[in-house]
Structure formats: structure tokens, C-alpha cells
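Participant: Below you will find the structure I want to go over with you.
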Amino acid sequence: MDMQEQLKRLKNSVFTGLGIGLVVPGILIAIVMYLMQRFAFLAKADLLLIGCIAVNALLMHYFFKLNKENIGRGIISATFLWAFAFFFYKINR
């Protein structure tokens, strides 16, 4: 079974979308934070972090095309949570 079939079988739940919207950018942010610590020229590249959160827009669009509106709503909610986390990260930096 391919990945698209598995995604179509996901339960159309806001909590599923919230999980997807928190985990996928979380993994990307962890990778980017590691790279920002490792390479000095990336230390101030906060746009990379915004890009990691913006991946949720692509995910949301994809799930709306699959008629999984509740998953899309969960991803939007997760995007707001990540935006608040980024805001506090910028304030405390």
C-alpha cells in the first residue's frame, strides 16, 4: 500500500490533524536547530524556522484536497501553536 492510500485512510479528526501539524514541523525544527548550532553562518537564519512551520500550509492544502477538513483544521490549530512558540523564542533570544 502506498503512502497516498494510507493518508486517505486517516480518520478525519481534528486531533489527527493536530498531531500531524505538531510532529512534522517539530522534526524539521529539530533538524534546523541542530544545523543552526553546528554552522555559524546559520545562527541568525530564523527564516528557516518559519519555513519549517510553513510546511503546515502545504499539509493543510493537501488534506483539504482529500476532503479531510477536520484534519486541515487541526493542522491550522497546530500552526498557531507553533507561531506562538516562535514568537516566545524570538522574545527570549
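Each chain of the C-alpha cells is named A, B, ... in the order shown, its residues numbered from 1; ligands are numbered from 1 in display order.
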With a distance cut-off of 12 Å and only C-alpha atoms, select the neighbouring residues of Asn56 of chain A, excluding the residue or stretch itself and same-chain residues fewer than 6 positions from it, and output the selection as number ranges by chain.
Facilitator: A: 17-26, 28, 50, 62-63, 71-83
Participant: Deliver the residues from the most recent selection as a file, using C-alpha atoms, as a PDB file, in the first residue's frame.
Facilitator:
```pdb
ATOM      1  CA  GLY A  17      -4.530  16.976  12.242  1.00  0.00           C
ATOM      2  CA  LEU A  18      -3.204  18.490  15.449  1.00  0.00           C
ATOM      3  CA  GLY A  19      -0.798  15.582  15.819  1.00  0.00           C
ATOM      4  CA  ILE A  20       0.386  15.834  12.222  1.00  0.00           C
ATOM      5  CA  GLY A  21       0.706  19.615  12.497  1.00  0.00           C
ATOM      6  CA  LEU A  22       2.809  19.356  15.644  1.00  0.00           C
ATOM      7  CA  VAL A  23       5.034  16.408  14.725  1.00  0.00           C
ATOM      8  CA  VAL A  24       6.077  17.213  11.139  1.00  0.00           C
ATOM      9  CA  PRO A  25       7.287  20.783  11.830  1.00  0.00           C
ATOM     10  CA  GLY A  26       8.744  19.587  15.149  1.00  0.00           C
ATOM     11  CA  LEU A  28      12.012  19.807  10.797  1.00  0.00           C
ATOM     12  CA  ILE A  50       9.461  29.993   9.732  1.00  0.00           C
ATOM     13  CA  TYR A  62      -3.166  18.540   0.697  1.00  0.00           C
ATOM     14  CA  PHE A  63      -5.677  17.326   3.279  1.00  0.00           C
ATOM     15  CA  ILE A  71      -7.519  17.194   9.725  1.00  0.00           C
ATOM     16  CA  GLY A  72      -6.907  20.534   7.989  1.00  0.00           C
ATOM     17  CA  ARG A  73      -8.446  22.373  10.940  1.00  0.00           C
ATOM     18  CA  GLY A  74      -6.186  20.511  13.335  1.00  0.00           C
ATOM     19  CA  ILE A  75      -3.160  21.468  11.259  1.00  0.00           C
ATOM     20  CA  ILE A  76      -4.245  25.129  11.365  1.00  0.00           C
ATOM     21  CA  SER A  77      -4.505  24.900  15.160  1.00  0.00           C
ATOM     22  CA  ALA A  78      -1.018  23.404  15.365  1.00  0.00           C
ATOM     23  CA  THR A  79       0.295  26.185  13.132  1.00  0.00           C
ATOM     24  CA  PHE A  80      -0.976  28.782  15.606  1.00  0.00           C
ATOM     25  CA  LEU A  81       0.694  26.907  18.460  1.00  0.00           C
ATOM     26  CA  TRP A  82       3.998  26.836  16.548  1.00  0.00           C
ATOM     27  CA  ALA A  83       3.620  30.555  15.752  1.00  0.00           C
TER      28      ALA A  83
END
```
Participant: I need the residues of segment 5-77 of chain A that end up classed as alpha helix (DSSP H) by DSSP on the backbone, written out as a PyMOL selection string.
Facilitator: chain A and resi 5-8+14-38+46-65+69-77
Participant: Which residue out of A:Ala30, A:Lys8, A:Gln37, A:Arg93 has the minimum interatomic distance to Phe64 of chain A when only C-alpha atoms are used?
Facilitator: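 Smallest distance to Phe64 of chain A is found for A:Lys8.
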Participant: Measure the distance from atom CA of Phe88 of chain A to atom CA of Leu35 of chain A in Å and round it to one decimal.
Facilitator: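 Distance reported for this atom pair: 20.4 Å.
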Participant: Write out as a list of chain:residue names which residues come within 9 Å of Asn12 of chain A when counting only C-alpha atoms, dropping same-chain ones fewer than 3 positions away.
Facilitator: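 My reading of the contact set: A:Arg9, A:Phe15, A:Thr16, A:Gly17, A:Asn67, A:Lys68, A:Glu69, A:Asn70, A:Ile71, A:Gly72.
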Participant: Could you tell me which of A:Ile27, A:Val14, A:Asn92, A:Gln4 comes closest to Ile53 of chain A if we count only C-alpha atoms?
Facilitator: A:Ile27
Participant: Between atom CA of Met33 of chain A and atom CA of Met3 of chain A, what is the spacing in Å?
Facilitator: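 One can read the atom CA of Met3 of chain A to atom CA of Met33 of chain A distance as 27.8 Å.
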Participant: Do you have the atom CA of Tyr34 of chain A-atom CA of Leu47 of chain A distance handy?
Facilitator: 14.8 Å
